[in-house]
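**Student:** File name entry_27.cif; file contents mmCIF, C-alpha atoms; full text below.
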data_entry
loop_
_atom_site.group_PDB
_atom_site.id
_atom_site.type_symbol
_atom_site.label_atom_id
_atom_site.label_comp_id
_atom_site.auth_asym_id
_atom_site.auth_seq_id
_atom_site.Cartn_x
_atom_site.Cartn_y
_atom_site.Cartn_z
ATOM 1 C CA MET A 1 34.544 11.721 11.630
ATOM 2 C CA ALA A 2 34.009 7.958 11.643
ATOM 3 C CA THR A 3 37.687 7.016 11.887
ATOM 4 C CA ALA A 4 39.852 7.961 14.849
ATOM 5 C CA PRO A 5 42.553 10.439 13.781
ATOM 6 C CA GLY A 6 45.281 8.264 15.270
ATOM 7 C CA ASN A 7 44.352 5.402 12.943
ATOM 8 C CA LEU A 8 43.802 7.457 9.824
ATOM 9 C CA SER A 9 47.348 7.494 8.437
ATOM 10 C CA GLU A 10 47.708 3.721 8.774
ATOM 11 C CA LEU A 11 44.260 3.194 7.290
ATOM 12 C CA LYS A 12 45.117 5.326 4.255
ATOM 13 C CA GLN A 13 48.373 3.453 3.706
ATOM 14 C CA ASN A 14 46.532 0.137 3.853
ATOM 15 C CA LEU A 15 43.898 1.356 1.389
ATOM 16 C CA ARG A 16 46.608 2.438 -1.043
ATOM 17 C CA LYS A 17 48.293 -0.969 -0.758
ATOM 18 C CA MET A 18 44.957 -2.701 -1.232
ATOM 19 C CA TRP A 19 44.136 -0.928 -4.509
ATOM 20 C CA MET A 20 47.690 -1.406 -5.761
ATOM 21 C CA ALA A 21 47.516 -5.143 -5.067
ATOM 22 C CA GLY A 22 46.613 -7.470 -7.899
ATOM 23 C CA ASP A 23 45.745 -5.711 -11.130
ATOM 24 C CA PHE A 24 42.416 -3.907 -10.961
ATOM 25 C CA SER A 25 42.621 -3.083 -14.663
ATOM 26 C CA GLN A 26 41.815 -6.758 -15.313
ATOM 27 C CA ILE A 27 38.614 -6.370 -13.290
ATOM 28 C CA ALA A 28 37.758 -2.991 -14.790
ATOM 29 C CA ARG A 29 38.027 -4.431 -18.297
ATOM 30 C CA MET A 30 34.881 -6.489 -17.588
ATOM 31 C CA ASN A 31 32.768 -3.336 -17.331
ATOM 32 C CA GLU A 32 34.525 -1.042 -19.827
ATOM 33 C CA THR A 33 31.580 -0.802 -22.202
ATOM 34 C CA GLN A 34 29.005 -0.319 -19.455
ATOM 35 C CA CYS A 35 31.151 2.350 -17.777
ATOM 36 C CA ALA A 36 31.368 4.179 -21.107
ATOM 37 C CA ASP A 37 27.582 3.928 -21.461
ATOM 38 C CA TRP A 38 27.135 5.579 -18.061
ATOM 39 C CA VAL A 39 29.530 8.417 -18.915
ATOM 40 C CA ASN A 40 27.897 8.976 -22.295
ATOM 41 C CA GLN A 41 24.444 9.404 -20.774
ATOM 42 C CA LEU A 42 25.803 12.193 -18.559
ATOM 43 C CA ASP A 43 25.705 14.318 -21.724
ATOM 44 C CA LEU A 44 29.077 15.966 -21.203
ATOM 45 C CA LYS A 45 29.619 18.939 -23.511
ATOM 46 C CA HIS A 46 32.685 19.819 -25.561
ATOM 47 C CA GLY A 47 35.100 21.901 -23.509
ATOM 48 C CA MET A 48 33.656 21.032 -20.096
ATOM 49 C CA GLN A 49 36.186 20.669 -17.292
ATOM 50 C CA VAL A 50 35.650 17.199 -15.789
ATOM 51 C CA LEU A 51 37.242 15.582 -12.747
ATOM 52 C CA ASP A 52 37.114 11.779 -12.505
ATOM 53 C CA VAL A 53 37.639 10.891 -8.831
ATOM 54 C CA ALA A 54 39.119 7.476 -8.038
ATOM 55 C CA CYS A 55 39.543 7.035 -11.777
ATOM 56 C CA GLY A 56 41.322 3.672 -11.624
ATOM 57 C CA SER A 57 42.545 2.543 -15.032
ATOM 58 C CA GLY A 58 40.531 5.162 -16.915
ATOM 59 C CA ASN A 59 37.154 3.573 -17.633
ATOM 60 C CA GLN A 60 35.363 6.896 -17.129
ATOM 61 C CA SER A 61 38.111 9.357 -18.026
ATOM 62 C CA ILE A 62 38.572 7.994 -21.545
ATOM 63 C CA PRO A 63 34.925 8.209 -22.723
ATOM 64 C CA ALA A 64 34.637 11.630 -21.073
ATOM 65 C CA ALA A 65 37.635 12.843 -23.096
ATOM 66 C CA LYS A 66 36.204 11.279 -26.248
ATOM 67 C CA ALA A 67 33.071 13.360 -25.654
ATOM 68 C CA GLY A 68 35.230 16.485 -25.938
ATOM 69 C CA ALA A 69 35.660 17.255 -22.241
ATOM 70 C CA THR A 70 38.935 18.381 -20.715
ATOM 71 C CA VAL A 71 39.507 15.597 -18.205
ATOM 72 C CA THR A 72 41.559 15.174 -15.062
ATOM 73 C CA GLY A 73 41.661 11.773 -13.370
ATOM 74 C CA ILE A 74 42.785 11.240 -9.796
ATOM 75 C CA ASP A 75 43.464 8.011 -7.901
ATOM 76 C CA ILE A 76 45.464 6.730 -4.920
ATOM 77 C CA ALA A 77 47.011 3.827 -6.850
ATOM 78 C CA PRO A 78 49.961 4.871 -9.051
ATOM 79 C CA ASN A 79 50.012 1.567 -10.948
ATOM 80 C CA LEU A 80 46.421 2.109 -12.086
ATOM 81 C CA LEU A 81 47.250 5.658 -13.140
ATOM 82 C CA GLU A 82 50.095 4.348 -15.292
ATOM 83 C CA HIS A 83 47.699 1.936 -16.941
ATOM 84 C CA ALA A 84 45.236 4.788 -17.535
ATOM 85 C CA ARG A 85 47.979 6.932 -19.087
ATOM 86 C CA ARG A 86 48.940 4.133 -21.484
ATOM 87 C CA ARG A 87 45.309 3.696 -22.512
ATOM 88 C CA ALA A 88 44.865 7.413 -23.101
ATOM 89 C CA THR A 89 48.053 7.592 -25.173
ATOM 90 C CA ALA A 90 46.924 4.640 -27.278
ATOM 91 C CA GLU A 91 43.626 6.458 -27.919
ATOM 92 C CA GLY A 92 45.396 9.718 -28.798
ATOM 93 C CA LEU A 93 43.754 11.516 -25.868
ATOM 94 C CA GLN A 94 45.193 14.254 -23.667
ATOM 95 C CA ILE A 95 44.145 13.453 -20.094
ATOM 96 C CA GLU A 96 45.901 14.565 -16.923
ATOM 97 C CA PHE A 97 46.184 11.736 -14.387
ATOM 98 C CA LEU A 98 47.217 12.630 -10.838
ATOM 99 C CA GLU A 99 47.926 10.633 -7.716
ATOM 100 C CA GLY A 100 45.690 11.870 -4.925
ATOM 101 C CA ASP A 101 43.035 11.252 -2.299
ATOM 102 C CA ALA A 102 39.268 11.637 -2.731
ATOM 103 C CA GLU A 103 39.165 13.058 0.788
ATOM 104 C CA LEU A 104 41.697 15.796 -0.017
ATOM 105 C CA LEU A 105 41.405 16.800 -3.662
ATOM 106 C CA PRO A 106 44.363 18.940 -4.832
ATOM 107 C CA HIS A 107 42.192 21.501 -6.604
ATOM 108 C CA ASP A 108 40.832 24.957 -5.923
ATOM 109 C CA PRO A 109 37.148 25.425 -5.143
ATOM 110 C CA GLU A 110 34.834 25.551 -8.177
ATOM 111 C CA SER A 111 37.445 24.178 -10.591
ATOM 112 C CA PHE A 112 35.250 21.772 -12.567
ATOM 113 C CA ASP A 113 31.945 21.748 -14.430
ATOM 114 C CA ALA A 114 31.370 18.081 -13.621
ATOM 115 C CA VAL A 115 32.830 15.840 -10.926
ATOM 116 C CA ILE A 116 32.248 12.141 -11.555
ATOM 117 C CA SER A 117 33.087 8.865 -9.847
ATOM 118 C CA MET A 118 32.042 5.334 -10.765
ATOM 119 C CA PHE A 119 32.690 2.541 -8.257
ATOM 120 C CA GLY A 120 35.522 4.648 -6.867
ATOM 121 C CA ALA A 121 35.022 7.427 -4.325
ATOM 122 C CA MET A 122 32.464 5.228 -2.565
ATOM 123 C CA PHE A 123 35.366 3.237 -1.073
ATOM 124 C CA ALA A 124 37.012 6.161 0.747
ATOM 125 C CA PRO A 125 36.643 5.680 4.518
ATOM 126 C CA ARG A 126 35.035 9.042 5.447
ATOM 127 C CA PRO A 127 32.010 9.573 3.187
ATOM 128 C CA GLU A 128 30.984 12.951 4.595
ATOM 129 C CA ILE A 129 34.431 14.365 3.799
ATOM 130 C CA VAL A 130 34.338 12.825 0.322
ATOM 131 C CA ALA A 131 30.941 14.397 -0.343
ATOM 132 C CA ALA A 132 32.166 17.798 0.836
ATOM 133 C CA GLU A 133 35.233 17.566 -1.422
ATOM 134 C CA LEU A 134 33.250 16.542 -4.502
ATOM 135 C CA LEU A 135 30.902 19.483 -4.001
ATOM 136 C CA ARG A 136 33.717 21.907 -3.124
ATOM 137 C CA VAL A 137 35.548 21.547 -6.440
ATOM 138 C CA CYS A 138 32.391 21.762 -8.576
ATOM 139 C CA ARG A 139 31.337 25.092 -10.079
ATOM 140 C CA PRO A 140 27.848 26.527 -9.579
ATOM 141 C CA GLY A 141 25.688 25.312 -12.434
ATOM 142 C CA GLY A 142 27.652 22.069 -12.650
ATOM 143 C CA PHE A 143 26.976 18.658 -11.172
ATOM 144 C CA VAL A 144 28.429 15.784 -9.185
ATOM 145 C CA ALA A 145 27.615 12.319 -10.535
ATOM 146 C CA MET A 146 28.394 8.994 -8.892
ATOM 147 C CA ALA A 147 27.659 5.367 -9.714
ATOM 148 C CA ASN A 148 27.708 3.212 -6.565
ATOM 149 C CA TRP A 149 27.035 -0.456 -5.881
ATOM 150 C CA THR A 150 23.753 -0.910 -4.002
ATOM 151 C CA PRO A 151 23.596 -2.848 -0.707
ATOM 152 C CA GLY A 152 21.179 -5.432 -2.082
ATOM 153 C CA SER A 153 23.017 -5.975 -5.364
ATOM 154 C CA PHE A 154 25.206 -8.951 -6.145
ATOM 155 C CA VAL A 155 28.330 -6.888 -5.438
ATOM 156 C CA GLY A 156 26.817 -5.730 -2.146
ATOM 157 C CA LYS A 157 26.280 -9.385 -1.217
ATOM 158 C CA MET A 158 29.842 -10.204 -2.238
ATOM 159 C CA PHE A 159 31.188 -7.467 0.062
ATOM 160 C CA ALA A 160 28.930 -8.693 2.884
ATOM 161 C CA THR A 161 30.195 -12.246 2.437
ATOM 162 C CA THR A 162 33.795 -11.088 2.567
ATOM 163 C CA SER A 163 33.146 -8.897 5.631
ATOM 164 C CA LYS A 164 31.658 -11.862 7.484
ATOM 165 C CA HIS A 165 35.024 -13.616 7.270
ATOM 166 C CA ALA A 166 37.247 -10.524 7.600
ATOM 167 C CA PRO A 167 35.484 -7.548 9.233
ATOM 168 C CA PRO A 168 36.517 -4.067 8.013
ATOM 169 C CA PRO A 169 38.366 -1.630 10.310
ATOM 170 C CA PRO A 170 36.198 -0.331 13.170
ATOM 171 C CA GLY A 171 34.491 2.986 12.597
ATOM 172 C CA VAL A 172 34.475 2.759 8.787
ATOM 173 C CA PRO A 173 30.914 2.662 7.400
ATOM 174 C CA PRO A 174 30.078 0.099 4.707
ATOM 175 C CA SER A 175 30.978 1.469 1.272
ATOM 176 C CA VAL A 176 27.672 0.242 -0.177
ATOM 177 C CA LEU A 177 25.775 2.817 1.910
ATOM 178 C CA TRP A 178 26.661 5.130 -0.994
ATOM 179 C CA GLY A 179 24.251 2.941 -2.960
ATOM 180 C CA ASP A 180 21.368 3.636 -0.579
ATOM 181 C CA GLU A 181 19.187 6.371 -2.085
ATOM 182 C CA GLU A 182 18.392 8.285 1.102
ATOM 183 C CA THR A 183 21.962 8.120 2.376
ATOM 184 C CA ALA A 184 23.390 9.367 -0.922
ATOM 185 C CA LYS A 185 20.865 12.211 -1.086
ATOM 186 C CA LYS A 186 21.692 13.263 2.450
ATOM 187 C CA ARG A 187 25.440 13.248 1.793
ATOM 188 C CA LEU A 188 25.346 15.187 -1.485
ATOM 189 C CA GLY A 189 22.306 17.387 -0.931
ATOM 190 C CA GLY A 190 24.053 20.409 0.488
ATOM 191 C CA ARG A 191 24.034 22.667 -2.587
ATOM 192 C CA GLY A 192 21.144 21.588 -4.775
ATOM 193 C CA PRO A 193 18.666 18.847 -5.632
ATOM 194 C CA VAL A 194 19.850 15.247 -5.914
ATOM 195 C CA ARG A 195 18.356 12.700 -8.333
ATOM 196 C CA THR A 196 18.907 8.959 -8.085
ATOM 197 C CA LYS A 197 18.214 6.061 -10.423
ATOM 198 C CA LYS A 198 19.051 2.355 -10.229
ATOM 199 C CA HIS A 199 20.682 0.664 -13.215
ATOM 200 C CA PRO A 200 21.362 -3.006 -13.991
ATOM 201 C CA ILE A 201 24.880 -4.034 -14.906
ATOM 202 C CA LEU A 202 25.906 -7.397 -16.318
ATOM 203 C CA PHE A 203 28.922 -9.491 -15.368
ATOM 204 C CA ASP A 204 29.635 -11.789 -18.295
ATOM 205 C CA ILE A 205 32.718 -13.848 -17.469
ATOM 206 C CA PRO A 206 34.075 -16.541 -19.816
ATOM 207 C CA PHE A 207 34.681 -19.147 -17.123
ATOM 208 C CA GLY A 208 32.787 -20.829 -14.298
ATOM 209 C CA PRO A 209 32.014 -19.539 -10.776
ATOM 210 C CA ALA A 210 34.952 -21.258 -9.058
ATOM 211 C CA GLU A 211 37.399 -19.829 -11.616
ATOM 212 C CA THR A 212 35.712 -16.441 -11.255
ATOM 213 C CA VAL A 213 36.469 -16.431 -7.528
ATOM 214 C CA GLU A 214 40.109 -17.257 -8.286
ATOM 215 C CA PHE A 215 40.185 -14.492 -10.887
ATOM 216 C CA PHE A 216 39.035 -11.946 -8.311
ATOM 217 C CA ARG A 217 41.411 -13.397 -5.746
ATOM 218 C CA LYS A 218 44.304 -12.852 -8.137
ATOM 219 C CA TYR A 219 43.422 -9.466 -9.615
ATOM 220 C CA PHE A 220 41.012 -7.625 -7.280
ATOM 221 C CA GLY A 221 43.113 -5.971 -4.576
ATOM 222 C CA PRO A 222 40.468 -6.006 -1.801
ATOM 223 C CA THR A 223 39.804 -9.717 -2.331
ATOM 224 C CA GLN A 224 43.505 -10.556 -2.579
ATOM 225 C CA MET A 225 44.316 -8.654 0.620
ATOM 226 C CA THR A 226 41.386 -10.195 2.494
ATOM 227 C CA PHE A 227 42.539 -13.716 1.698
ATOM 228 C CA ALA A 228 46.060 -12.775 2.751
ATOM 229 C CA ARG A 229 44.795 -11.781 6.219
ATOM 230 C CA LEU A 230 43.303 -15.233 6.843
ATOM 231 C CA ASP A 231 44.814 -18.558 7.832
ATOM 232 C CA PRO A 232 44.445 -21.473 5.378
ATOM 233 C CA THR A 233 41.295 -22.843 7.024
ATOM 234 C CA ALA A 234 39.589 -19.445 6.989
ATOM 235 C CA GLN A 235 40.721 -18.864 3.398
ATOM 236 C CA GLU A 236 39.019 -22.068 2.308
ATOM 237 C CA ALA A 237 35.816 -21.134 4.146
ATOM 238 C CA LEU A 238 35.751 -17.742 2.422
ATOM 239 C CA ARG A 239 36.482 -19.313 -0.960
ATOM 240 C CA LYS A 240 33.609 -21.767 -0.596
ATOM 241 C CA ASP A 241 31.165 -19.034 0.417
ATOM 242 C CA LEU A 242 32.152 -16.852 -2.531
ATOM 243 C CA VAL A 243 31.881 -19.747 -4.989
ATOM 244 C CA ARG A 244 28.436 -20.562 -3.607
ATOM 245 C CA LEU A 245 27.374 -16.936 -4.002
ATOM 246 C CA TRP A 246 28.470 -16.828 -7.662
ATOM 247 C CA GLU A 247 26.828 -20.209 -8.319
ATOM 248 C CA ASP A 248 23.543 -19.149 -6.714
ATOM 249 C CA HIS A 249 23.330 -16.028 -8.908
ATOM 250 C CA ASN A 250 24.767 -17.506 -12.092
ATOM 251 C CA GLU A 251 22.446 -17.370 -15.103
ATOM 252 C CA GLY A 252 25.048 -19.076 -17.285
ATOM 253 C CA ASP A 253 26.488 -22.553 -16.785
ATOM 254 C CA ALA A 254 29.399 -24.312 -15.139
ATOM 255 C CA HIS A 255 31.823 -22.871 -17.716
ATOM 256 C CA HIS A 256 30.322 -19.414 -18.243
ATOM 257 C CA THR A 257 29.357 -17.043 -15.423
ATOM 258 C CA VAL A 258 26.586 -14.539 -16.119
ATOM 259 C CA VAL A 259 25.425 -12.491 -13.137
ATOM 260 C CA MET A 260 23.216 -9.408 -13.058
ATOM 261 C CA GLY A 261 24.354 -6.618 -10.750
ATOM 262 C CA GLU A 262 22.959 -3.218 -9.884
ATOM 263 C CA TYR A 263 24.260 0.253 -9.155
ATOM 264 C CA LEU A 264 22.726 3.516 -8.045
ATOM 265 C CA GLU A 265 23.300 6.607 -10.163
ATOM 266 C CA VAL A 266 23.432 9.725 -8.001
ATOM 267 C CA ARG A 267 23.399 13.126 -9.638
ATOM 268 C CA ALA A 268 23.641 16.252 -7.518
ATOM 269 C CA ALA A 269 23.090 19.688 -9.028
ATOM 270 C CA VAL A 270 25.426 22.359 -7.642
ATOM 271 C CA ALA A 271 23.948 25.813 -7.145
#
Translate this file's structure into C-alpha cells.
**Tutor:**
Amino acid sequence: MATAPGNLSELKQNLRKMWMAGDFSQIARMNETQCADWVNQLDLKHGMQVLDVACGSGNQSIPAAKAGATVTGIDIAPNLLEHARRRATAEGLQIEFLEGDAELLPHDPESFDAVISMFGAMFAPRPEIVAAELLRVCRPGGFVAMANWTPGSFVGKMFATTSKHAPPPPGVPPSVLWGDEETAKKRLGGRGPVRTKKHPILFDIPFGPAETVEFFRKYFGPTQMTFARLDPTAQEALRKDLVRLWEDHNEGDAHHTVVMGEYLEVRAAVA
C-alpha cells in the first residue's frame, strides 16, 4: 500500500473536502458531450447492470441510462451526487446515486455487467486497491472501462505544474499513471485481456487563458484547494505558470481558449 495506514483516514477526509470544494459540475459541463460519446461507444446493452465509479455530476451515468442500462453511480462528494440526481430527474431517468469510496465499493462480488469510470477513479490514492475493487464487482463476461488523462496530455501538464508549486501527499502515486498504457494494463490485467486506445478531447472555453485559470480556481476543487494552501506570493507564481501553460497550448485567441487534450481508454475483459 502506497499510503501509510496512519495517514489514510486524514487523506480520505481531505480528498472528500477537495472534491466538494468549488463546483465540479461547472467543470464537467465542458466535457458533457464528449463524455457521452465515450459512453455510447462502449455499446452498453439494454438491461445491463452498470456501475459508474466516481460518477461526479452524472456525465457518464446519464448516457448509460439513456442507452437502457440499469445504472448505479457512486462518488465521495455528496454535493455532486445531488447535482447528478437533479439531472437524472430532469431527464426522467431512474438512476441510483450512492455516496461511497472507489477503494471500498459497497457491492457484492460480480454485481455488475460493466464497471466504468471517466476521469474519476484515477484520483483515488491507492490504485492497486481501486483496480482490485473494479474487477471484484464485475461479473465474468463483463468488462471494466476507464478513461484516464495521460501524463503527456495538456491535463497531465496542468497537474505537473500544480504539483511543482504544491507537492501531493508523500506516498501517493501520480494520478496520471492511470493514463500510462503499460501501468494501466498491469493494474487491470488480473482477470482477462486489457485493450487501450488514446483519444483526443477538446477544451473549448468561451473566454481567454487568464480567465480560464480563474474559472478553474473558482470551480475545480483540486485547484481551489491548492491555491488555498499557498501564501499570496506562491499563489501568484502558480497563477502565472498556469496562465502561461494555457496560453502556450491555446489554439484560439485572447478571448477564446481552445486546447486539445488527450485521454487513454482502458478496457479490461473479465473472465
**Student:** Can you list what the PyMOL selection byres ((chain A and resi 38-44) around 7) grabs from this structure, as a ChimeraX atom specification?
**Tutor:** /A:34-37,45-46,48,60,63-64,67,69
**Student:** Which is closest to Val115 in chain A among A:Ile95, A:Ala237, A:Met146, A:Val266, if we use only C-alpha atoms?
**Tutor:**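 The answer is A:Met146, which sits nearest to Val115 in chain A.
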**Student:** What does the distance from CA of Leu177 in chain A to CA of Thr150 in chain A come to in Å, to one decimal?
**Tutor:**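 Distance between the two atoms: 7.3 Å.
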**Student:** Running the PyMOL selection byres ((chain A and resi 214-224) around 8) on this model by hand, what would come out? Give it as a ChimeraX atom specification.
**Tutor:** /A:18-24,26-27,162,210-213,225-228
**Student:** Starting from the shown file, work through the PyMOL selection byres ((chain A and resi 134) around 9) and note down what comes out as a ChimeraX atom specification.
**Tutor:** /A:53,102-103,105,115-116,129-133,135-138,144,188
**Student:** Need the axis-aligned box for range 33-48 of chain A with 5 Å each side, so what are the centre and edges in Å to one decimal, as lines of an AutoDock Vina configuration file?
**Tutor:**
center_x = 29.8
center_y = 10.5
center_z = -21.7
size_x = 20.7
size_y = 32.7
size_z = 17.8
**Student:** Listing only residues of range 65-173 of chain A within 10 Å of range 245-256 of chain A, what is the closest atom pair and its distance in Å (to one decimal) for each, using all atoms listed in the file, sorted by chain and residue number ascending, as a tab-separated table?
**Tutor:**
residue	atom	partner	partner_atom	distance
A:Phe154	CA	A:His249	CA	7.8
A:Lys157	CA	A:Leu245	CA	8.1
A:Met158	CA	A:Leu245	CA	7.4
A:Thr161	CA	A:Leu245	CA	8.5
**Student:** Would you list the contacts of range 191-207 of chain A as a list in words, taking every protein, DNA or RNA residue within 7 Å and counting only C-alpha atoms, but skipping same-chain residues closer than 2 positions in sequence?
**Tutor:**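 Listed by chain and then number, they are Glu181, Lys185, Gly189, Pro209, Glu211, Thr212, His255, His256, Thr257, Val258, Val259, Met260, Gly261, Glu262, Tyr263, Leu264, Glu265, Val266, Arg267, Ala268, Ala269, Val270 and Ala271 of chain A.
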**Student:** Report, in Å to a single decimal, how far apart CA of Ala160 in chain A and CA of Lys240 in chain A are.
**Tutor:**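 Spanning CA of Lys240 in chain A to CA of Ala160 in chain A is a straight-line distance of 14.3 Å.
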**Student:** Report, in Å to a single decimal, how far apart CA of Gly141 in chain A and CA of Ala124 in chain A are.
**Tutor:**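 The value is 25.9 Å.
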**Student:** Nearest to Thr183 in chain A: which of A:Pro167, A:Pro151, A:Pro125, A:Gly156 is it, counting all atoms listed in the file?
**Tutor:** A:Pro151
**Student:** Using only C-alpha atoms, can you tell me which of A:Leu51, A:Leu81, A:Leu93, A:Ala145 comes closest to Lys66 in chain A?
**Tutor:**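 Using only C-alpha atoms, the shortest distance to Lys66 in chain A belongs to A:Leu93.
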**Student:** Name the closest residue to Ala84 in chain A among the candidates A:Asp108, A:Glu236, A:Asp113, A:Asp52; distances are taken between atoms, counting only C-alpha atoms.
**Tutor:** A:Asp52
**Student:** Up to 6 Å from (34.7, 6.9, -9.3) in the file's coordinates: name the residues, counting all atoms listed in the file, as an mmCIF file with C-alpha atoms, in the coordinates of the input.
**Tutor:**
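Output below, filename point.cif:
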data_model
loop_
_atom_site.group_PDB
_atom_site.id
_atom_site.type_symbol
_atom_site.label_atom_id
_atom_site.label_comp_id
_atom_site.auth_asym_id
_atom_site.auth_seq_id
_atom_site.Cartn_x
_atom_site.Cartn_y
_atom_site.Cartn_z
ATOM 1 C CA VAL A 53 37.639 10.891 -8.831
ATOM 2 C CA ALA A 54 39.119 7.476 -8.038
ATOM 3 C CA CYS A 55 39.543 7.035 -11.777
ATOM 4 C CA SER A 117 33.087 8.865 -9.847
ATOM 5 C CA MET A 118 32.042 5.334 -10.765
ATOM 6 C CA PHE A 119 32.690 2.541 -8.257
ATOM 7 C CA GLY A 120 35.522 4.648 -6.867
ATOM 8 C CA ALA A 121 35.022 7.427 -4.325
#
**Student:** I need the residue nearest Ala184 in chain A from this list: A:Asn148, A:Thr72, A:Ser111, A:Ser163. Use all atoms listed in the file for the distance.
**Tutor:**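 Among the listed residues, the smallest separation from Ala184 in chain A belongs to A:Asn148.
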